[in-house]
Amino acid sequence: MRFTGDLVWVLAGASFALVLLTITWTMAGRFFAIRRTRFAGILWRRAYDLGARLADGAGTEGNAIDLISLVKSVGDPAPIATALAAVSRSWGDAADDAFFEAIEQTTLERWVQSKLAGTDPLAQAEGLEYIEALRIQPLLGQAANFARHEDETVSRAACEALVVLDPAIAIGVLVGMIETSGSWVLDTLGRATNTLVQNPGSRIPVSRPQWRGAPMLAEQALKDGGLPDPGAATDALAVLIDLLDDASSQKRLAAVNALANTIDHPGAQIALAGALSAPDRLTRFAAASRLAQTDAGRAILRRSVNDDSASDAATIAAEVLWTGVGKEKPENKGPLKRSEIEAAI
Amino acid sequence: MKVAITAFMYVCLSFTILQYFSMLVWSGLSNVLMNRARPGNRALTLDKVRRDQDTLGVSIIMPAYNEEAVITHTVRSALDQDYPNLEILVVNDGSKDNTLGVMIDAFDLRPFETDPVPGPIGTEKVTTIYRSSTFPRVVLVDKAPAGAKADNANVGINIARYDWIVVMDSDEFMENDVISRCMAAVVESPDEVVAVGTSLLPANDIVIDGSTIVEREASRNYWVGCQLIEYLTAFLVARPGLAQVGALPIISGGFGLFRRDAVLEVNGFEHGHLGEDMDMCMRIHKAQSESGRPYRIVQVPEAIVWTEFPSSMAILQRQRIRWHRGLKIIIDDHGGMIGRRRYGTVGTIGMGMMYLFEWIGPLLEALGWFLLTGLLLAGWIDPLNAFAVFLTTQLVGMALTTIGVMLAVTRLDCYRGIGDLMRLLKFTIFVNWGYRQLTLWWRIRSILPGDTSWGEMPRAGFKTVSTS
């Protein structure tokens, strides 16, 4: 019993020490948490103000210098990078070039690279998100290298970054991933194609027969400092059209969504019009539903429903859209004119 | 004989110490994992989710029965979410008070559909669906009373138009970033995540102004304060770690985000189940594991939902007895998963820990205290030694609960005031010296037959700027 008695007192003493330790840790933790939050808040505010001024085009060289030295002055520039990302996303394409030029001159690129160089996939994904948000063009090649990462979070973040930095490269990479990755690839492909359709001068990096090996080709091309064969957005659309007949319903649906995202392109319009008569119900109704959401799509539906062999999806969509008082009528031809819309309002 | 009984007493109490100690180790582990993973907490993902108008839609389902005091505040907190793509479905289970009238007045609800077509899950009949003319995202479903939250939730699941659903209580107030944080965890791996849990904290001591929380303080009420410490330990210490290794056995009934098809696959919530939230989570685990699909159930501790805690002993006692009876049913229903390779970590760690620490643990602890008292009275054990054993269990328990407090003040944006911290530390003492023994007694009592009904919990309502 002596042994037991000694042992329980040793345990009680150890437990008491443990309680003191956790209380001390709690007090210190609170102190540092408050300090860290305040400091991060101040940094964020300052970086946001400087970034907003530069993005507005009202910034001066002094603002850019301030931003550069602000990044240099702190060990962890995460709050600054987050604030600049917020500015970049808020201003979007309207952000002045001076904003991105200032970012390029900071050490943020090196900081992001250190995240990519680690082995933690979540840190890598975070790094790729910063590349996307801050549009760090020099890291395009590194982002392309991560597109086929085994961790889906990293792979997705890399593809998203590519869509922003260079949609042409993104298409090349994404097309090569269609067979092996989830439906998100098609969504991202749709967005990349849309961006490319809006900028017809852009190129895609590889021709269609080479798409299976696209990621490696794109990667190699980037390493070599040039882009492989030029192509057209139509080629990317052709892949999406192929996928309308895919065995997987998830991929068919994603292809419809991706085509709907590029509805301004005649190829996408033809494909979706064709999808209204697809053999499976899901594709037909998905196509009708997405077509109903845009002017161009509604024009296609109008024409489809006037056809004798109109599909069930087109007929139902037309009924939903154009029956009832004050709604559009199917006999209307083409999208509504501005004067008609104004009269309706 | 004497030695054998004394040894058995030591075994029982050592088990309790071991239980706390393993939780302490677990808290360290879960923190390391939490720091690495940060589900739903990556600043840029969160920012993106908030801005993306085409993001995944979420239907918030609020089953309501006699909630006139709180329902409009809860709906307003949902309307104030910074997530762009939401619908809010209040399911009125034939409330006897003026819940329906209050909702109609506050949101100008108009009948939209009567006698709708029944959905995929069998429920009581829906009589009328109302839609708000001022807030098109607000829908109220009036239905025949079923007297069960499960039926109301199932009605909401049937009617929900989006692929992601939140099932929450209607006496809760959400921080305005809750849905964004949960969905940020979803968009990180949308093909795998099937459910997301959040932290629940007491709404008894928050003060709201319209749809904004203007004051958050740690409670002064003994019962609420002790529960707060328990919740902090559960939501910040245990669950994130369990979720990280794929072994989270419960998404709180108070608030849970689910992928709708995963819930439909298990045919919704089960009627009349005392532990319907844990049952739902276990059935999702089972269905997903058996299908062989990779899946994840995630806990986002930084997403905070405020809910009214029982503030008197009688109500708390009834709740705890009901919970423990629910646990017994869960163990009966899903005990077969324990140790089965097919069910992975949720079978071994999740259900295993629950069985060992939540079911066997209290029995051994109660037996240990009973024997310690008996041996002390019989003079078979030295009073000083008995005190040392008692002291050790209490202190290890205190260390564990203090870690919950530490995580609250460092990771969450609330309770950082010095007054709050002192109150929390005070409750870490109270919770171990008296409260825990009382709840232990309630757990033992739950094994005996008795009333299994939910009973009614009177709502105090939220404190608002004008009332406080």
# chains A, B, ... in the order shown; residues from 1 in each chain; ligands from 1

call {"tool": "interface_residues", "arguments": {"of": "chain A", "to": "chain B", "cutoff": "6 Å", "atoms": "only C-alpha atoms", "output": "list in words"}}
result
Gly5, Val8, Trp9, Ala12, Ser15, Phe16, Val19, Thr26, Gly29, Arg30, Ala33 and Thr153 of chain A

call {"tool": "select_by_dssp", "arguments": {"residues": "segment 280-446 of chain B", "states": "strand (DSSP E or B)", "output": "list in words"}}
result
Arg296, Ile297, Val298, Gln299, Val300, Pro301, Glu302, Ala303, Ile304, Val305, Trp306 and Thr307 of chain B

call {"tool": "write_last_selection", "arguments": {"atoms": "C-alpha atoms", "output": "short mmCIF file (atom, residue, chain, number, x, y, z; two decimals), in the first residue's frame"}}
result
data_model
loop_
_atom_site.label_atom_id
_atom_site.label_comp_id
_atom_site.auth_asym_id
_atom_site.auth_seq_id
_atom_site.Cartn_x
_atom_site.Cartn_y
_atom_site.Cartn_z
CA ARG B 296 -15.36 13.00 -45.61
CA ILE B 297 -17.36 14.37 -42.68
CA VAL B 298 -15.75 17.63 -41.62
CA GLN B 299 -15.82 19.79 -38.48
CA VAL B 300 -15.26 23.55 -38.86
CA PRO B 301 -14.69 24.84 -35.31
CA GLU B 302 -14.40 28.49 -36.37
CA ALA B 303 -17.99 28.50 -37.66
CA ILE B 304 -20.05 29.51 -34.62
CA VAL B 305 -23.76 29.03 -34.09
CA TRP B 306 -25.33 30.39 -30.89
CA THR B 307 -28.07 28.31 -29.32
#

call {"tool": "residues_around", "arguments": {"residues": "segment 242-249 of chain B", "least_positions_apart": "4", "cutoff": "7 Å", "atoms": "only C-alpha atoms", "output": "PyMOL selection string"}}
result
chain B and resi 33+238+278+281-282+296-299+345-346+349-351

call {"tool": "residues_around", "arguments": {"residues": "segment 237-244 of chain A", "least_positions_apart": "4", "cutoff": "8 Å", "atoms": "only C-alpha atoms", "output": "PyMOL selection string"}}
result
chain A and resi 175+186+193+233+251-253+255-256+258-259+267-268+271+275+283

call {"tool": "residues_around", "arguments": {"residues": "segment 66-82 of chain B", "least_positions_apart": "3", "cutoff": "6 Å", "atoms": "only C-alpha atoms", "output": "list in words"}}
result
Ser95, Asp97, Asn98, Thr99, Ser170, Asp171, Glu172, Phe173, Met174, Asn176, Asp177, Ser211 and Gly461 of chain B

call {"tool": "write_last_selection", "arguments": {"atoms": "N, CA and C atoms", "output": "mmCIF file, in the first residue's frame"}}
result
data_model
loop_
_atom_site.group_PDB
_atom_site.id
_atom_site.type_symbol
_atom_site.label_atom_id
_atom_site.label_comp_id
_atom_site.auth_asym_id
_atom_site.auth_seq_id
_atom_site.Cartn_x
_atom_site.Cartn_y
_atom_site.Cartn_z
ATOM 1 N N SER B 95 -47.550 24.563 -34.817
ATOM 2 C CA SER B 95 -47.287 25.226 -33.521
ATOM 3 C C SER B 95 -48.583 25.692 -32.860
ATOM 4 N N ASP B 97 -48.554 28.051 -30.514
ATOM 5 C CA ASP B 97 -48.439 29.491 -30.263
ATOM 6 C C ASP B 97 -48.573 30.236 -31.599
ATOM 7 N N ASN B 98 -48.110 31.472 -31.640
ATOM 8 C CA ASN B 98 -48.332 32.289 -32.838
ATOM 9 C C ASN B 98 -47.131 32.283 -33.795
ATOM 10 N N THR B 99 -46.409 31.166 -33.860
ATOM 11 C CA THR B 99 -45.227 31.106 -34.738
ATOM 12 C C THR B 99 -45.590 31.490 -36.173
ATOM 13 N N SER B 170 -34.562 26.126 -34.592
ATOM 14 C CA SER B 170 -35.041 27.470 -34.914
ATOM 15 C C SER B 170 -34.873 28.437 -33.747
ATOM 16 N N ASP B 171 -34.125 28.029 -32.721
ATOM 17 C CA ASP B 171 -33.861 28.963 -31.616
ATOM 18 C C ASP B 171 -32.379 29.334 -31.605
ATOM 19 N N GLU B 172 -31.803 29.427 -32.794
ATOM 20 C CA GLU B 172 -30.368 29.678 -32.877
ATOM 21 C C GLU B 172 -30.065 30.957 -33.635
ATOM 22 N N PHE B 173 -28.882 31.478 -33.382
ATOM 23 C CA PHE B 173 -28.449 32.685 -34.070
ATOM 24 C C PHE B 173 -27.076 32.393 -34.671
ATOM 25 N N MET B 174 -26.976 32.600 -35.983
ATOM 26 C CA MET B 174 -25.718 32.269 -36.655
ATOM 27 C C MET B 174 -24.822 33.494 -36.770
ATOM 28 N N ASN B 176 -22.465 35.663 -39.012
ATOM 29 C CA ASN B 176 -22.824 35.862 -40.420
ATOM 30 C C ASN B 176 -21.910 35.162 -41.425
ATOM 31 N N ASP B 177 -20.878 34.451 -40.919
ATOM 32 C CA ASP B 177 -20.002 33.750 -41.869
ATOM 33 C C ASP B 177 -20.104 32.233 -41.753
ATOM 34 N N SER B 211 -29.882 41.990 -36.975
ATOM 35 C CA SER B 211 -29.294 40.709 -37.355
ATOM 36 C C SER B 211 -27.808 40.650 -36.998
ATOM 37 N N GLY B 461 -35.808 33.478 -25.251
ATOM 38 C CA GLY B 461 -35.624 34.404 -26.372
ATOM 39 C C GLY B 461 -34.271 35.082 -26.287
#

call {"tool": "select_by_dssp", "arguments": {"residues": "segment 288-425 of chain B", "states": "alpha helix (DSSP H)", "output": "PDB file with C-alpha atoms, in the first residue's frame"}}
result
ATOM      1  CA  GLN B 288     -20.793   5.787 -47.758  1.00  0.00           C
ATOM      2  CA  SER B 289     -18.392   3.128 -46.422  1.00  0.00           C
ATOM      3  CA  GLU B 290     -20.492   0.319 -47.854  1.00  0.00           C
ATOM      4  CA  SER B 291     -20.637   1.995 -51.260  1.00  0.00           C
ATOM      5  CA  MET B 313     -31.175  22.020 -13.404  1.00  0.00           C
ATOM      6  CA  ALA B 314     -34.537  20.406 -14.152  1.00  0.00           C
ATOM      7  CA  ILE B 315     -34.376  21.050 -17.898  1.00  0.00           C
ATOM      8  CA  LEU B 316     -30.720  20.123 -18.134  1.00  0.00           C
ATOM      9  CA  GLN B 317     -31.340  16.882 -16.253  1.00  0.00           C
ATOM     10  CA  ARG B 318     -34.109  15.912 -18.656  1.00  0.00           C
ATOM     11  CA  GLN B 319     -31.895  16.722 -21.652  1.00  0.00           C
ATOM     12  CA  ARG B 320     -28.944  14.694 -20.370  1.00  0.00           C
ATOM     13  CA  ILE B 321     -31.037  11.665 -19.474  1.00  0.00           C
ATOM     14  CA  ARG B 322     -32.551  11.778 -22.956  1.00  0.00           C
ATOM     15  CA  TRP B 323     -29.105  12.086 -24.574  1.00  0.00           C
ATOM     16  CA  HIS B 324     -27.755   9.105 -22.699  1.00  0.00           C
ATOM     17  CA  ARG B 325     -30.777   7.002 -23.605  1.00  0.00           C
ATOM     18  CA  GLY B 326     -30.197   8.061 -27.211  1.00  0.00           C
ATOM     19  CA  LEU B 327     -26.579   6.920 -26.905  1.00  0.00           C
ATOM     20  CA  LYS B 328     -27.753   3.486 -25.740  1.00  0.00           C
ATOM     21  CA  ILE B 329     -29.985   3.184 -28.817  1.00  0.00           C
ATOM     22  CA  ILE B 330     -27.102   4.257 -31.074  1.00  0.00           C
ATOM     23  CA  ILE B 331     -24.832   1.628 -29.541  1.00  0.00           C
ATOM     24  CA  ASP B 332     -27.555  -0.997 -30.004  1.00  0.00           C
ATOM     25  CA  ASP B 333     -28.172   0.072 -33.622  1.00  0.00           C
ATOM     26  CA  HIS B 334     -24.643   0.693 -34.801  1.00  0.00           C
ATOM     27  CA  GLY B 344     -12.479   2.277 -41.233  1.00  0.00           C
ATOM     28  CA  THR B 345     -11.603   4.737 -38.474  1.00  0.00           C
ATOM     29  CA  MET B 351     -17.584   4.201 -32.248  1.00  0.00           C
ATOM     30  CA  GLY B 352     -14.866   2.503 -30.182  1.00  0.00           C
ATOM     31  CA  MET B 353     -14.158   5.652 -28.160  1.00  0.00           C
ATOM     32  CA  GLY B 361     -16.585   4.952 -18.752  1.00  0.00           C
ATOM     33  CA  PRO B 362     -19.389   6.517 -16.684  1.00  0.00           C
ATOM     34  CA  LEU B 363     -20.331   3.118 -15.248  1.00  0.00           C
ATOM     35  CA  LEU B 364     -16.751   2.427 -14.148  1.00  0.00           C
ATOM     36  CA  GLU B 365     -16.330   5.955 -12.806  1.00  0.00           C
ATOM     37  CA  ALA B 366     -19.512   5.715 -10.739  1.00  0.00           C
ATOM     38  CA  LEU B 367     -18.465   2.315  -9.451  1.00  0.00           C
ATOM     39  CA  GLY B 368     -15.025   3.708  -8.586  1.00  0.00           C
ATOM     40  CA  TRP B 369     -16.479   6.584  -6.534  1.00  0.00           C
ATOM     41  CA  PHE B 370     -18.895   4.214  -4.820  1.00  0.00           C
ATOM     42  CA  LEU B 371     -16.079   1.817  -3.864  1.00  0.00           C
ATOM     43  CA  LEU B 372     -13.780   4.658  -2.780  1.00  0.00           C
ATOM     44  CA  THR B 373     -16.443   5.993  -0.423  1.00  0.00           C
ATOM     45  CA  GLY B 374     -17.189   2.491   0.866  1.00  0.00           C
ATOM     46  CA  LEU B 375     -13.530   1.632   1.434  1.00  0.00           C
ATOM     47  CA  LEU B 376     -12.970   4.955   3.175  1.00  0.00           C
ATOM     48  CA  LEU B 377     -15.934   4.424   5.491  1.00  0.00           C
ATOM     49  CA  ALA B 378     -14.823   0.857   6.210  1.00  0.00           C
ATOM     50  CA  PRO B 383      -8.051   8.933   3.900  1.00  0.00           C
ATOM     51  CA  LEU B 384      -5.057  10.797   2.515  1.00  0.00           C
ATOM     52  CA  ASN B 385      -4.630   8.267  -0.276  1.00  0.00           C
ATOM     53  CA  ALA B 386      -8.349   8.448  -1.051  1.00  0.00           C
ATOM     54  CA  PHE B 387      -8.072  12.212  -1.273  1.00  0.00           C
ATOM     55  CA  ALA B 388      -5.041  11.948  -3.560  1.00  0.00           C
ATOM     56  CA  VAL B 389      -6.929   9.651  -5.942  1.00  0.00           C
ATOM     57  CA  PHE B 390      -9.885  12.027  -5.971  1.00  0.00           C
ATOM     58  CA  LEU B 391      -7.584  14.994  -6.492  1.00  0.00           C
ATOM     59  CA  THR B 392      -5.794  13.338  -9.422  1.00  0.00           C
ATOM     60  CA  THR B 393      -9.022  12.644 -11.341  1.00  0.00           C
ATOM     61  CA  GLN B 394     -10.248  16.192 -10.760  1.00  0.00           C
ATOM     62  CA  LEU B 395      -6.970  17.817 -11.774  1.00  0.00           C
ATOM     63  CA  VAL B 396      -6.540  15.788 -14.967  1.00  0.00           C
ATOM     64  CA  GLY B 397     -10.152  16.672 -15.812  1.00  0.00           C
ATOM     65  CA  MET B 398      -9.376  20.343 -15.139  1.00  0.00           C
ATOM     66  CA  ALA B 399      -6.322  20.270 -17.386  1.00  0.00           C
ATOM     67  CA  LEU B 400      -8.465  18.869 -20.185  1.00  0.00           C
ATOM     68  CA  THR B 401     -11.218  21.451 -19.833  1.00  0.00           C
ATOM     69  CA  THR B 402      -8.646  24.251 -19.579  1.00  0.00           C
ATOM     70  CA  ILE B 403      -7.331  23.228 -23.001  1.00  0.00           C
ATOM     71  CA  GLY B 404     -10.870  23.760 -24.321  1.00  0.00           C
ATOM     72  CA  VAL B 405     -10.791  27.279 -22.862  1.00  0.00           C
ATOM     73  CA  MET B 406      -7.344  27.912 -24.315  1.00  0.00           C
ATOM     74  CA  LEU B 407      -8.531  26.945 -27.799  1.00  0.00           C
ATOM     75  CA  ALA B 408     -11.589  29.161 -27.397  1.00  0.00           C
ATOM     76  CA  VAL B 409      -9.594  32.283 -26.550  1.00  0.00           C
ATOM     77  CA  THR B 410      -6.887  31.663 -29.143  1.00  0.00           C
ATOM     78  CA  ARG B 411      -8.896  30.325 -32.100  1.00  0.00           C
ATOM     79  CA  ILE B 418     -10.115  39.251 -19.354  1.00  0.00           C
ATOM     80  CA  GLY B 419     -13.455  39.019 -17.505  1.00  0.00           C
ATOM     81  CA  ASP B 420     -14.631  36.282 -19.857  1.00  0.00           C
ATOM     82  CA  LEU B 421     -11.392  34.368 -19.440  1.00  0.00           C
ATOM     83  CA  MET B 422     -11.581  34.521 -15.653  1.00  0.00           C
ATOM     84  CA  ARG B 423     -15.174  33.310 -15.709  1.00  0.00           C
ATOM     85  CA  LEU B 424     -14.253  30.454 -18.038  1.00  0.00           C
ATOM     86  CA  LEU B 425     -11.371  29.408 -15.795  1.00  0.00           C
TER      87      LEU B 425
END
